[in-house]
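Student: Take this structure first; my questions come after.
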Amino acid sequence: MRRPHEDIQDVRVPSEVLARWALETPALAQEATCSALAFLTDAEHAATALLPVPTLLRSEQAVLDPDGFLRQPRGAVEHFRLRSQRAIAWMDLFIFFRERFATSAQRQPPESLYGMAQLFQSRGDELEASVDLLVRECVMPEIEELLARTLTYPPMQVLLQRLRENDPQRSAEARRLAAEVLGDLSGARLWKVRTRLVATATRALLAARPLLEELERGGFPTDRTRAARGFARRLEEAVSELPGAALLESILHQLAGSASFDATQQ
C-alpha cells in the first residue's frame, strides 16, 4: 500500500496538458501561479517545526500492546514526517514550474508575500508555537481551498486534490498534539494563550493579503469575505476542542467579526 507522502511526491501531468495550459493562460496569470507556489513553499517550510516533537516524545507514556511489548506513541513523529513531506512536495512543484516556465518565473513578487512564513518562523516558546500551529491548521486550508477554486495550473490541482484526501485526519491529529502541549488552560497560562491566539490570528489575516493581491493582479477574482469567514469558523472549531474553550469564545466572536469586516473593506 502506498503511503500518503509517496502519492504527493509523485505528481505527474501529461506534457500536452501543460502545453495547453501555457497557451491558454495569460502571462499575468502564470506569474500569479508562480507567486502562489512560492507562497506555499515558504509557508509550509516554516510550519514544519511548529510542533515541539521532542517535548512530546519525552512526555508521552509508553503502553503495553496485546503481545506484552512496550510501544511508544508515534503520533508526533508521524506529524513531523507528513509535514516535512508536504513541504518537500511544494518545493518540487515550485522547482518544476521555474524550470518549465522560466519566463513567468522571472518576476520577483513583493517580499510581503512571505509574511505568512515569517509569522510561523517567529514562534516563541513551546506554548506559543502550539497556538501558532492551531492557527496554521485553520488559515492554510482556507487558502488552499481558495487556490483550488481559482488557479488552473494542472500539477497544483493534482497535488491539492491529493492533500485534501488526507487533510481532515492529519489536521485533527495536529490539533490533538497541540492541545497536549497546551495542557490545562487556566490562570496565567490561559492569558498567554489568549494573547497569542489574537496576535497570530490577526497577523495571519494580514499575511494572506499579499497573496490575494497577487491573484487579483493575475486577473483572478478572490472572495475575501468567504475566505475570512471560513478561517474564523475553522478557528472556532479548533479552539472549541481545547480545555477552557468557553473562556475563549468571546475572543473568537470578536475575531470572526473583525475578519469579515476587514475582508469587506478590502
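Within each chain, counting starts at residue 1; across the C-alpha cells, chains are named A, B, ... in the order shown, with ligands numbered 1 upward in that order.
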If we count only C-alpha atoms and set the cut-off at 6 Å, which residues sit around range 36-45 of chain A, ignoring sequence neighbours fewer than 5 positions away in its own chain? Please answer as a PyMOL selection string.

Tutor: chain A and resi 87+90-91+94+116-117

Student: Keeping only N, CA, C and O atoms, take the residues you just selected and write them out as a PDB file, in the first residue's frame.

Tutor:
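Just written: again07.pdb:
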ATOM      1  N   ALA A  87       5.958  19.818   2.750  1.00  0.00           N
ATOM      2  CA  ALA A  87       6.794  20.944   2.353  1.00  0.00           C
ATOM      3  C   ALA A  87       7.655  20.587   1.142  1.00  0.00           C
ATOM      4  O   ALA A  87       7.806  21.385   0.203  1.00  0.00           O
ATOM      5  N   TRP A  90       5.677  20.704  -2.170  1.00  0.00           N
ATOM      6  CA  TRP A  90       5.500  22.053  -2.721  1.00  0.00           C
ATOM      7  C   TRP A  90       6.814  22.583  -3.289  1.00  0.00           C
ATOM      8  O   TRP A  90       6.821  23.280  -4.311  1.00  0.00           O
ATOM      9  N   MET A  91       7.935  22.258  -2.647  1.00  0.00           N
ATOM     10  CA  MET A  91       9.231  22.672  -3.195  1.00  0.00           C
ATOM     11  C   MET A  91       9.456  22.061  -4.570  1.00  0.00           C
ATOM     12  O   MET A  91       9.925  22.738  -5.497  1.00  0.00           O
ATOM     13  N   PHE A  94       7.387  23.856  -7.104  1.00  0.00           N
ATOM     14  CA  PHE A  94       7.926  25.191  -7.375  1.00  0.00           C
ATOM     15  C   PHE A  94       9.145  25.102  -8.291  1.00  0.00           C
ATOM     16  O   PHE A  94       9.279  25.876  -9.248  1.00  0.00           O
ATOM     17  N   MET A 116       3.488  35.199   5.763  1.00  0.00           N
ATOM     18  CA  MET A 116       2.945  34.037   6.469  1.00  0.00           C
ATOM     19  C   MET A 116       4.078  33.154   6.969  1.00  0.00           C
ATOM     20  O   MET A 116       4.041  32.651   8.107  1.00  0.00           O
ATOM     21  N   ALA A 117       5.072  32.936   6.137  1.00  0.00           N
ATOM     22  CA  ALA A 117       6.223  32.131   6.560  1.00  0.00           C
ATOM     23  C   ALA A 117       6.951  32.796   7.723  1.00  0.00           C
ATOM     24  O   ALA A 117       7.354  32.134   8.690  1.00  0.00           O
TER      25      ALA A 117
END

Student: Using only C-alpha atoms, which residue out of A:Leu212, A:Leu119, A:Ile95, A:Met156 lies closest to Asp132 in chain A?

Tutor: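 So, comparing all the options, the nearest one is A:Leu119.
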
Student: Pick out the closest residue to Leu82 in chain A from this set: A:Val239, A:Ala47, A:Ala188, A:Leu56. Count only C-alpha atoms.

Tutor: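 Closest residue, counting only C-alpha atoms: A:Ala47.
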
Student: Can you tell me, as a ChimeraX atom specification, what residues are no more than 6 Å from range 178-182 of chain A when counting only C-alpha atoms, ignoring any on the same chain fewer than 3 positions away?

Tutor: /A:127,130,175

Student: With N, CA and C atoms retained, could you export that selection as a JSON list (two decimals), in the first residue's frame?

Tutor:
[["chain", "number", "residue", "atom", "x", "y", "z"],
["A", 127, "LEU", "N", 4.60, 26.75, 24.12],
["A", 127, "LEU", "CA", 3.19, 27.08, 24.26],
["A", 127, "LEU", "C", 2.73, 27.96, 23.10],
["A", 130, "SER", "N", 2.61, 26.15, 19.76],
["A", 130, "SER", "CA", 1.44, 25.28, 19.62],
["A", 130, "SER", "C", 0.20, 26.09, 19.26],
["A", 175, "ARG", "N", -4.06, 19.12, 15.69],
["A", 175, "ARG", "CA", -4.73, 19.87, 16.75],
["A", 175, "ARG", "C", -4.70, 19.11, 18.07]]

Student: Within 12 Å of Ala27 in chain A, counting only C-alpha atoms, which residues show up once you throw out same-chain ones fewer than 5 positions away? Write them as a PDB file with C-alpha atoms, in the first residue's frame, please.

Tutor:
ATOM      1  CA  TRP A  21      -2.273  25.402 -20.038  1.00  0.00           C
ATOM      2  CA  ALA A  22       0.695  27.521 -21.138  1.00  0.00           C
ATOM      3  CA  ALA A  32       0.337  34.776 -10.192  1.00  0.00           C
ATOM      4  CA  THR A  33       0.571  30.970 -10.234  1.00  0.00           C
ATOM      5  CA  CYS A  34       4.307  31.184  -9.618  1.00  0.00           C
ATOM      6  CA  PHE A 101       8.032  28.232 -17.294  1.00  0.00           C
ATOM      7  CA  ALA A 102      11.195  30.244 -16.789  1.00  0.00           C
ATOM      8  CA  THR A 103       9.799  33.435 -18.319  1.00  0.00           C
ATOM      9  CA  SER A 104       6.844  33.568 -15.927  1.00  0.00           C
ATOM     10  CA  ALA A 105       9.153  32.769 -13.011  1.00  0.00           C
ATOM     11  CA  GLN A 106      11.495  35.691 -13.717  1.00  0.00           C
ATOM     12  CA  ARG A 107       9.340  38.249 -11.936  1.00  0.00           C
ATOM     13  CA  ARG A 217      -3.081  41.173 -10.313  1.00  0.00           C
ATOM     14  CA  GLY A 218      -3.174  37.988 -12.391  1.00  0.00           C
ATOM     15  CA  GLY A 219      -6.830  38.574 -13.233  1.00  0.00           C
TER      16      GLY A 219
END

Student: Where does DSSP see strand (DSSP E or B) in range 36-266 of chain A, if you list the residues as a PyMOL selection string?

Tutor: chain A and resi 63-64+70-71

Student: Report, in Å to a single decimal, how far apart CA of Phe120 in chain A and CA of Ala174 in chain A are.

Tutor: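 Distance between the two atoms: 15.1 Å.
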
Student: Find, counting only C-alpha atoms, the residue in A:Val135, A:Val193, A:Ile143, A:Leu23 that gets nearest to Arg209 in chain A.

Tutor: A:Ile143

Student: In Å, rounded to a single decimal, give me how far CA of Pro155 in chain A is from CA of Arg98 in chain A.

Tutor: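 Computing the Euclidean distance for CA of Arg98 in chain A and CA of Pro155 in chain A yields 13.0 Å.
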